[in-house]
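*Asks:* So here's model.json, just JSON, N, CA, C and O atoms:
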```json
[["chain", "number", "residue", "atom", "x", "y", "z"],
["I", 318, "MET", "N", 123.69, 5.80, 64.09],
["I", 318, "MET", "CA", 124.56, 5.60, 65.23],
["I", 318, "MET", "C", 123.83, 5.90, 66.53],
["I", 318, "MET", "O", 123.97, 5.15, 67.49],
["I", 319, "ASN", "N", 123.05, 6.96, 66.53],
["I", 319, "ASN", "CA", 122.33, 7.30, 67.75],
["I", 319, "ASN", "C", 121.30, 6.23, 68.12],
["I", 319, "ASN", "O", 121.09, 5.95, 69.31],
["I", 320, "GLY", "N", 120.68, 5.62, 67.11],
["I", 320, "GLY", "CA", 119.71, 4.55, 67.39],
["I", 320, "GLY", "C", 120.36, 3.33, 67.99],
["I", 320, "GLY", "O", 119.81, 2.70, 68.90],
["I", 321, "ILE", "N", 121.55, 2.99, 67.50],
["I", 321, "ILE", "CA", 122.28, 1.85, 68.05],
["I", 321, "ILE", "C", 122.67, 2.10, 69.49],
["I", 321, "ILE", "O", 122.49, 1.24, 70.36],
["I", 322, "LEU", "N", 123.19, 3.29, 69.77],
["I", 322, "LEU", "CA", 123.58, 3.62, 71.15],
["I", 322, "LEU", "C", 122.37, 3.68, 72.07],
["I", 322, "LEU", "O", 122.44, 3.23, 73.23],
["I", 323, "PHE", "N", 121.24, 4.18, 71.57],
["I", 323, "PHE", "CA", 120.03, 4.23, 72.39],
["I", 323, "PHE", "C", 119.55, 2.82, 72.72],
["I", 323, "PHE", "O", 119.16, 2.54, 73.86],
["I", 324, "ALA", "N", 119.61, 1.90, 71.75],
["I", 324, "ALA", "CA", 119.21, 0.51, 72.00],
["I", 324, "ALA", "C", 120.16, -0.16, 72.99],
["I", 324, "ALA", "O", 119.72, -0.94, 73.85],
["I", 325, "MET", "N", 121.44, 0.15, 72.91],
["I", 325, "MET", "CA", 122.40, -0.43, 73.85],
["I", 325, "MET", "C", 122.16, 0.08, 75.27],
["I", 325, "MET", "O", 122.26, -0.68, 76.23],
["I", 326, "ILE", "N", 121.82, 1.36, 75.39],
["I", 326, "ILE", "CA", 121.55, 1.90, 76.72],
["I", 326, "ILE", "C", 120.27, 1.30, 77.28],
["I", 326, "ILE", "O", 120.18, 1.00, 78.48],
["I", 327, "LEU", "N", 119.26, 1.08, 76.45],
["I", 327, "LEU", "CA", 118.03, 0.41, 76.92],
["I", 327, "LEU", "C", 118.32, -1.02, 77.37],
["I", 327, "LEU", "O", 117.77, -1.49, 78.37],
["I", 328, "ALA", "N", 119.20, -1.71, 76.65],
["I", 328, "ALA", "CA", 119.58, -3.07, 77.06],
["I", 328, "ALA", "C", 120.37, -3.05, 78.36],
["I", 328, "ALA", "O", 120.35, -4.02, 79.11],
["I", 329, "LEU", "N", 121.04, -1.95, 78.64],
["I", 329, "LEU", "CA", 121.79, -1.81, 79.87],
["I", 329, "LEU", "C", 120.88, -1.65, 81.08],
["I", 329, "LEU", "O", 121.24, -2.03, 82.20],
["I", 330, "LEU", "N", 119.68, -1.14, 80.87],
["I", 330, "LEU", "CA", 118.75, -0.93, 81.98],
["I", 330, "LEU", "C", 118.15, -2.22, 82.52],
["I", 330, "LEU", "O", 117.72, -2.26, 83.66],
["I", 331, "ILE", "N", 118.13, -3.27, 81.73],
["I", 331, "ILE", "CA", 117.53, -4.54, 82.17],
["I", 331, "ILE", "C", 118.29, -5.14, 83.36],
["I", 331, "ILE", "O", 117.68, -5.46, 84.38],
["I", 332, "PRO", "N", 119.63, -5.31, 83.30],
["I", 332, "PRO", "CA", 120.31, -5.85, 84.48],
["I", 332, "PRO", "C", 120.32, -4.89, 85.67],
["I", 332, "PRO", "O", 120.39, -5.34, 86.82],
["I", 333, "ILE", "N", 120.21, -3.59, 85.41],
["I", 333, "ILE", "CA", 120.12, -2.65, 86.53],
["I", 333, "ILE", "C", 118.82, -2.90, 87.29],
["I", 333, "ILE", "O", 118.80, -2.92, 88.53],
["I", 334, "TYR", "N", 117.73, -3.13, 86.58],
["I", 334, "TYR", "CA", 116.45, -3.44, 87.22],
["I", 334, "TYR", "C", 116.52, -4.77, 87.98],
["I", 334, "TYR", "O", 116.01, -4.89, 89.09],
["I", 335, "GLU", "N", 117.17, -5.77, 87.39],
["I", 335, "GLU", "CA", 117.29, -7.07, 88.06],
["I", 335, "GLU", "C", 118.12, -6.97, 89.33],
["I", 335, "GLU", "O", 117.82, -7.62, 90.34],
["I", 336, "ALA", "N", 119.18, -6.18, 89.32],
["I", 336, "ALA", "CA", 120.01, -6.00, 90.52],
["I", 336, "ALA", "C", 119.24, -5.27, 91.61],
["I", 336, "ALA", "O", 119.39, -5.56, 92.80],
["I", 337, "TRP", "N", 118.39, -4.34, 91.22],
["I", 337, "TRP", "CA", 117.62, -3.60, 92.19],
["I", 337, "TRP", "C", 116.51, -4.45, 92.80],
["I", 337, "TRP", "O", 116.20, -4.31, 93.98],
["I", 338, "LYS", "N", 115.96, -5.37, 92.01],
["I", 338, "LYS", "CA", 114.81, -6.15, 92.44],
["I", 338, "LYS", "C", 115.19, -7.33, 93.31],
["I", 338, "LYS", "O", 114.48, -7.68, 94.25],
["I", 339, "ASP", "N", 116.31, -7.98, 93.05],
["I", 339, "ASP", "CA", 116.67, -9.25, 93.68],
["I", 339, "ASP", "C", 117.55, -9.03, 94.90],
["I", 339, "ASP", "O", 118.38, -8.13, 94.93],
["I", 340, "ASP", "N", 117.39, -9.88, 95.94],
["I", 340, "ASP", "CA", 118.19, -9.78, 97.14],
["I", 340, "ASP", "C", 119.34, -10.78, 97.18],
["I", 340, "ASP", "O", 120.21, -10.67, 98.04],
["I", 341, "ASP", "N", 119.37, -11.74, 96.28],
["I", 341, "ASP", "CA", 120.44, -12.74, 96.25],
["I", 341, "ASP", "C", 121.73, -12.10, 95.76],
["I", 341, "ASP", "O", 121.76, -11.42, 94.73],
["I", 342, "ILE", "N", 122.83, -12.31, 96.51],
["I", 342, "ILE", "CA", 124.09, -11.66, 96.17],
["I", 342, "ILE", "C", 124.64, -12.15, 94.83],
["I", 342, "ILE", "O", 125.23, -11.38, 94.08],
["I", 343, "TRP", "N", 124.42, -13.44, 94.51],
["I", 343, "TRP", "CA", 124.94, -13.96, 93.24],
["I", 343, "TRP", "C", 124.20, -13.36, 92.05],
["I", 343, "TRP", "O", 124.79, -13.08, 91.01],
["I", 344, "GLN", "N", 122.90, -13.15, 92.20],
["I", 344, "GLN", "CA", 122.14, -12.52, 91.12],
["I", 344, "GLN", "C", 122.58, -11.07, 90.91],
["I", 344, "GLN", "O", 122.66, -10.58, 89.79],
["I", 345, "LYS", "N", 122.89, -10.39, 92.03],
["I", 345, "LYS", "CA", 123.38, -9.02, 91.91],
["I", 345, "LYS", "C", 124.75, -8.97, 91.24],
["I", 345, "LYS", "O", 125.02, -8.11, 90.41],
["I", 346, "MET", "N", 125.62, -9.92, 91.58],
["I", 346, "MET", "CA", 126.95, -9.95, 90.97],
["I", 346, "MET", "C", 126.85, -10.26, 89.47],
["I", 346, "MET", "O", 127.59, -9.67, 88.66],
["I", 347, "LEU", "N", 125.96, -11.17, 89.11],
["I", 347, "LEU", "CA", 125.76, -11.45, 87.69],
["I", 347, "LEU", "C", 125.22, -10.24, 86.94],
["I", 347, "LEU", "O", 125.63, -9.95, 85.81],
["I", 348, "ALA", "N", 124.31, -9.52, 87.59],
["I", 348, "ALA", "CA", 123.76, -8.32, 86.95],
["I", 348, "ALA", "C", 124.84, -7.25, 86.79],
["I", 348, "ALA", "O", 124.94, -6.61, 85.74],
["I", 349, "PHE", "N", 125.68, -7.07, 87.80],
["I", 349, "PHE", "CA", 126.75, -6.08, 87.69],
["I", 349, "PHE", "C", 127.79, -6.50, 86.66],
["I", 349, "PHE", "O", 128.37, -5.65, 85.97],
["I", 350, "SER", "N", 128.04, -7.79, 86.53],
["I", 350, "SER", "CA", 128.95, -8.27, 85.51],
["I", 350, "SER", "C", 128.39, -7.99, 84.12],
["I", 350, "SER", "O", 129.12, -7.60, 83.20],
["I", 351, "SER", "N", 127.11, -8.18, 83.96],
["I", 351, "SER", "CA", 126.46, -7.89, 82.68],
["I", 351, "SER", "C", 126.51, -6.40, 82.37],
["I", 351, "SER", "O", 126.73, -6.01, 81.22],
["I", 352, "ILE", "N", 126.34, -5.58, 83.39],
["I", 352, "ILE", "CA", 126.43, -4.13, 83.19],
["I", 352, "ILE", "C", 127.83, -3.75, 82.74],
["I", 352, "ILE", "O", 128.00, -2.94, 81.82],
["I", 353, "ALA", "N", 128.85, -4.33, 83.36],
["I", 353, "ALA", "CA", 130.24, -4.02, 82.99],
["I", 353, "ALA", "C", 130.53, -4.44, 81.55],
["I", 353, "ALA", "O", 131.18, -3.70, 80.80],
["I", 354, "SER", "N", 130.04, -5.61, 81.17],
["I", 354, "SER", "CA", 130.28, -6.08, 79.80],
["I", 354, "SER", "C", 129.58, -5.18, 78.78],
["I", 354, "SER", "O", 130.17, -4.81, 77.76],
["I", 355, "LYS", "N", 128.34, -4.85, 79.04],
["I", 355, "LYS", "CA", 127.59, -4.01, 78.10],
["I", 355, "LYS", "C", 128.18, -2.60, 78.02],
["I", 355, "LYS", "O", 128.23, -2.02, 76.94],
["I", 356, "THR", "N", 128.64, -2.07, 79.14],
["I", 356, "THR", "CA", 129.25, -0.75, 79.12],
["I", 356, "THR", "C", 130.54, -0.76, 78.31],
["I", 356, "THR", "O", 130.80, 0.18, 77.54],
["I", 357, "SER", "N", 131.34, -1.80, 78.45],
["I", 357, "SER", "CA", 132.58, -1.85, 77.68],
["I", 357, "SER", "C", 132.30, -2.03, 76.18],
["I", 357, "SER", "O", 133.03, -1.47, 75.35],
["I", 358, "ILE", "N", 131.26, -2.75, 75.83],
["I", 358, "ILE", "CA", 130.88, -2.87, 74.42],
["I", 358, "ILE", "C", 130.42, -1.52, 73.87],
["I", 358, "ILE", "O", 130.75, -1.14, 72.74],
["I", 359, "ILE", "N", 129.68, -0.75, 74.67],
["I", 359, "ILE", "CA", 129.27, 0.59, 74.26],
["I", 359, "ILE", "C", 130.51, 1.47, 74.05],
["I", 359, "ILE", "O", 130.58, 2.23, 73.08],
["I", 360, "ILE", "N", 131.49, 1.36, 74.93],
["I", 360, "ILE", "CA", 132.73, 2.13, 74.78],
["I", 360, "ILE", "C", 133.44, 1.74, 73.49],
["I", 360, "ILE", "O", 133.95, 2.60, 72.76],
["I", 361, "LEU", "N", 133.47, 0.44, 73.17],
["I", 361, "LEU", "CA", 134.11, 0.00, 71.94],
["I", 361, "LEU", "C", 133.38, 0.51, 70.69],
["I", 361, "LEU", "O", 134.02, 0.92, 69.71],
["I", 362, "VAL", "N", 132.06, 0.51, 70.72],
["I", 362, "VAL", "CA", 131.29, 1.02, 69.58],
["I", 362, "VAL", "C", 131.55, 2.51, 69.38],
["I", 362, "VAL", "O", 131.77, 2.97, 68.26],
["I", 363, "ILE", "N", 131.56, 3.26, 70.47],
["I", 363, "ILE", "CA", 131.83, 4.69, 70.37],
["I", 363, "ILE", "C", 133.24, 4.94, 69.84],
["I", 363, "ILE", "O", 133.46, 5.83, 69.02],
["I", 364, "SER", "N", 134.20, 4.13, 70.29],
["I", 364, "SER", "CA", 135.58, 4.34, 69.81],
["I", 364, "SER", "C", 135.73, 4.03, 68.33],
["I", 364, "SER", "O", 136.50, 4.69, 67.63],
["I", 365, "VAL", "N", 134.98, 3.06, 67.83],
["I", 365, "VAL", "CA", 135.04, 2.75, 66.39],
["I", 365, "VAL", "C", 134.39, 3.87, 65.58],
["I", 365, "VAL", "O", 134.93, 4.29, 64.56],
["I", 366, "PHE", "N", 133.25, 4.38, 66.04],
["I", 366, "PHE", "CA", 132.58, 5.44, 65.30],
["I", 366, "PHE", "C", 133.38, 6.75, 65.32],
["I", 366, "PHE", "O", 133.36, 7.51, 64.37],
["I", 367, "ARG", "N", 134.08, 7.01, 66.43],
["I", 367, "ARG", "CA", 134.88, 8.23, 66.52],
["I", 367, "ARG", "C", 136.28, 8.05, 65.96],
["I", 367, "ARG", "O", 137.03, 9.01, 65.87],
["I", 368, "ASP", "N", 136.65, 6.82, 65.64],
["I", 368, "ASP", "CA", 137.98, 6.48, 65.15],
["I", 368, "ASP", "C", 139.06, 6.91, 66.15],
["I", 368, "ASP", "O", 140.08, 7.47, 65.79],
["I", 369, "ASP", "N", 138.79, 6.64, 67.42],
["I", 369, "ASP", "CA", 139.72, 6.96, 68.50],
["I", 369, "ASP", "C", 140.09, 5.67, 69.21],
["I", 369, "ASP", "O", 139.31, 5.13, 69.99],
["I", 370, "TRP", "N", 141.26, 5.14, 68.91],
["I", 370, "TRP", "CA", 141.65, 3.84, 69.43],
["I", 370, "TRP", "C", 142.11, 3.88, 70.87],
["I", 370, "TRP", "O", 142.21, 2.84, 71.53],
["I", 371, "ASN", "N", 142.39, 5.06, 71.41],
["I", 371, "ASN", "CA", 142.74, 5.16, 72.83],
["I", 371, "ASN", "C", 141.53, 4.81, 73.70],
["I", 371, "ASN", "O", 141.66, 4.13, 74.73],
["I", 372, "ILE", "N", 140.37, 5.26, 73.29],
["I", 372, "ILE", "CA", 139.14, 4.90, 74.01],
["I", 372, "ILE", "C", 138.88, 3.40, 73.85],
["I", 372, "ILE", "O", 138.44, 2.74, 74.79],
["I", 373, "GLY", "N", 139.16, 2.86, 72.68],
["I", 373, "GLY", "CA", 138.97, 1.42, 72.45],
["I", 373, "GLY", "C", 139.85, 0.56, 73.33],
["I", 373, "GLY", "O", 139.42, -0.49, 73.81],
["I", 374, "VAL", "N", 141.07, 0.99, 73.55],
["I", 374, "VAL", "CA", 141.97, 0.24, 74.44],
["I", 374, "VAL", "C", 141.42, 0.23, 75.86],
["I", 374, "VAL", "O", 141.45, -0.81, 76.55],
["I", 375, "ALA", "N", 140.87, 1.35, 76.31],
["I", 375, "ALA", "CA", 140.25, 1.39, 77.64],
["I", 375, "ALA", "C", 139.05, 0.45, 77.70],
["I", 375, "ALA", "O", 138.86, -0.25, 78.71],
["I", 376, "GLY", "N", 138.27, 0.39, 76.64],
["I", 376, "GLY", "CA", 137.13, -0.54, 76.61],
["I", 376, "GLY", "C", 137.56, -1.99, 76.65],
["I", 376, "GLY", "O", 136.93, -2.82, 77.31],
["I", 377, "VAL", "N", 138.64, -2.32, 75.96],
["I", 377, "VAL", "CA", 139.15, -3.70, 75.98],
["I", 377, "VAL", "C", 139.67, -4.06, 77.37],
["I", 377, "VAL", "O", 139.44, -5.18, 77.85],
["I", 378, "ILE", "N", 140.35, -3.14, 78.02],
["I", 378, "ILE", "CA", 140.85, -3.42, 79.37],
["I", 378, "ILE", "C", 139.69, -3.63, 80.33],
["I", 378, "ILE", "O", 139.71, -4.55, 81.15],
["I", 379, "ILE", "N", 138.66, -2.80, 80.23],
["I", 379, "ILE", "CA", 137.48, -2.98, 81.09],
["I", 379, "ILE", "C", 136.82, -4.32, 80.80],
["I", 379, "ILE", "O", 136.40, -5.03, 81.72],
["I", 380, "LEU", "N", 136.73, -4.69, 79.52],
["I", 380, "LEU", "CA", 136.08, -5.95, 79.15],
["I", 380, "LEU", "C", 136.85, -7.15, 79.66],
["I", 380, "LEU", "O", 136.27, -8.12, 80.13],
["I", 381, "SER", "N", 138.17, -7.11, 79.60],
["I", 381, "SER", "CA", 138.96, -8.29, 79.97],
["I", 381, "SER", "C", 139.24, -8.38, 81.46],
["I", 381, "SER", "O", 139.31, -9.47, 82.01],
["I", 382, "VAL", "N", 139.41, -7.27, 82.15],
["I", 382, "VAL", "CA", 139.82, -7.31, 83.55],
["I", 382, "VAL", "C", 138.66, -7.03, 84.50],
["I", 382, "VAL", "O", 138.65, -7.54, 85.62],
["I", 383, "GLY", "N", 137.69, -6.26, 84.08],
["I", 383, "GLY", "CA", 136.62, -5.82, 84.98],
["I", 383, "GLY", "C", 135.81, -6.94, 85.58],
["I", 383, "GLY", "O", 135.51, -6.95, 86.76],
["I", 384, "ASN", "N", 135.45, -7.94, 84.79],
["I", 384, "ASN", "CA", 134.61, -9.03, 85.28],
["I", 384, "ASN", "C", 135.39, -9.95, 86.22],
["I", 384, "ASN", "O", 134.81, -10.52, 87.13],
["I", 385, "ALA", "N", 136.68, -10.09, 86.02],
["I", 385, "ALA", "CA", 137.48, -10.94, 86.91],
["I", 385, "ALA", "C", 137.51, -10.36, 88.31],
["I", 385, "ALA", "O", 137.36, -11.08, 89.30],
["I", 386, "GLY", "N", 137.67, -9.06, 88.42],
["I", 386, "GLY", "CA", 137.65, -8.42, 89.73],
["I", 386, "GLY", "C", 136.30, -8.53, 90.40],
["I", 386, "GLY", "O", 136.21, -8.70, 91.62],
["I", 387, "LEU", "N", 135.25, -8.44, 89.63],
["I", 387, "LEU", "CA", 133.90, -8.54, 90.18],
["I", 387, "LEU", "C", 133.62, -9.95, 90.71],
["I", 387, "LEU", "O", 133.04, -10.10, 91.78],
["I", 388, "MET", "N", 134.07, -10.96, 89.99],
["I", 388, "MET", "CA", 133.85, -12.33, 90.47],
["I", 388, "MET", "C", 134.72, -12.64, 91.68],
["I", 388, "MET", "O", 134.32, -13.40, 92.56],
["I", 389, "LEU", "N", 135.92, -12.06, 91.76],
["I", 389, "LEU", "CA", 136.75, -12.22, 92.95],
["I", 389, "LEU", "C", 136.05, -11.60, 94.16],
["I", 389, "LEU", "O", 136.03, -12.19, 95.25],
["I", 390, "LEU", "N", 135.43, -10.45, 93.98],
["I", 390, "LEU", "CA", 134.67, -9.83, 95.05],
["I", 390, "LEU", "C", 133.49, -10.70, 95.48],
["I", 390, "LEU", "O", 133.19, -10.82, 96.67],
["I", 391, "ALA", "N", 132.84, -11.35, 94.52],
["I", 391, "ALA", "CA", 131.71, -12.23, 94.85],
["I", 391, "ALA", "C", 132.17, -13.41, 95.69],
["I", 391, "ALA", "O", 131.49, -13.80, 96.65],
["I", 392, "HIS", "N", 133.33, -13.98, 95.38],
["I", 392, "HIS", "CA", 133.83, -15.10, 96.18],
["I", 392, "HIS", "C", 134.23, -14.65, 97.59],
["I", 392, "HIS", "O", 134.02, -15.39, 98.56],
["I", 393, "ILE", "N", 134.77, -13.47, 97.71],
["I", 393, "ILE", "CA", 135.11, -12.96, 99.04],
["I", 393, "ILE", "C", 133.85, -12.74, 99.87],
["I", 393, "ILE", "O", 133.80, -13.12, 101.05],
["I", 394, "ILE", "N", 132.82, -12.18, 99.27],
["I", 394, "ILE", "CA", 131.57, -11.97, 99.97],
["I", 394, "ILE", "C", 130.93, -13.30, 100.36],
["I", 394, "ILE", "O", 130.39, -13.45, 101.46],
["I", 395, "LYS", "N", 131.03, -14.31, 99.51],
["I", 395, "LYS", "CA", 130.47, -15.63, 99.80],
["I", 395, "LYS", "C", 131.17, -16.24, 101.00],
["I", 395, "LYS", "O", 130.55, -16.84, 101.87],
["I", 396, "ARG", "N", 132.50, -16.11, 101.07],
["I", 396, "ARG", "CA", 133.25, -16.66, 102.20],
["I", 396, "ARG", "C", 132.96, -15.95, 103.51],
["I", 396, "ARG", "O", 133.02, -16.54, 104.57],
["I", 397, "LEU", "N", 132.66, -14.65, 103.44],
["I", 397, "LEU", "CA", 132.34, -13.90, 104.65],
["I", 397, "LEU", "C", 130.99, -14.33, 105.22],
["I", 397, "LEU", "O", 130.79, -14.29, 106.44],
["I", 398, "ASN", "N", 130.08, -14.74, 104.36],
["I", 398, "ASN", "CA", 128.76, -15.18, 104.83],
["I", 398, "ASN", "C", 128.86, -16.61, 105.23],
["I", 398, "ASN", "O", 128.19, -17.23, 105.86]]
```
Step by step, read the file and then write its structure as structure tokens.

*Replies:*
Amino acid sequence: MNGILFAMILALLIPIYEAWKDDDIWQKMLAFSSIASKTSIIILVISVFRDDWNIGVAGVIILSVGNAGLMLLAHIIKRLN
């Protein structure tokens, strides 16, 4: 279990590096969306291993609603520019 979580956290660092490196707002929004998705998958894996479905429900809500809010923010920023 620890190896799986360690690999997931390493995969999470890739979009963080891309967001830090790139100046394009759309690339940053895509990187942050990827971070949100990967974080919610990590939450779901932890909830399955701990057999705690309350944490799993929070992970599902983050997975389904989090990216929609991020893309709405990207469109607002695009219109301001």

*Asks:* Could you give me, as a list in words, the residues within 8 Å of range 334-348 of chain I, counting only N, CA, C and O atoms and dropping anything in the same chain fewer than 3 positions from it?

*Replies:* Ala328, Leu329, Leu330, Ile331, Ser351, Ile352, Ala353, Ser354, Lys355, Asn384, Leu387, Met388, Leu390 and Ala391 of chain I

*Asks:* To one decimal place in Å, what is the distance between CA of Trp370 in chain I and atom N of Ser357 in chain I?

*Replies:*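 Computing it gives 14.8 Å between the two atoms.
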
*Asks:* Could you check the closest approach to Ile326 in chain I for each of I:Ile379, I:Ala385, I:Ile372, I:Ile359 and tell me which residue wins, using only N, CA, C and O atoms?

*Replies:*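 Counting only N, CA, C and O atoms, the residue closest to Ile326 in chain I is I:Ile359.
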
*Asks:* Would you list the contacts of Ile321 in chain I as number ranges by chain, taking every protein, DNA or RNA residue within 12 Å and counting only C-alpha atoms, but skipping same-chain residues closer than 2 positions in sequence?

*Replies:* I: 318-319, 323-328, 358-359, 362-363, 366

*Asks:* What is the distance, in Å and to one decimal place, between CA of Gly383 in chain I and CA of Leu397 in chain I?

*Replies:*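 If I compute the distance from CA of Gly383 in chain I to CA of Leu397 in chain I, I get 21.7 Å.
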
*Asks:* Between atom N of Val377 in chain I and atom N of Phe349 in chain I, measure the distance and give it in Å to one decimal.

*Replies:*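 Computed distance, atom N of Val377 in chain I to atom N of Phe349 in chain I, equals 18.2 Å.
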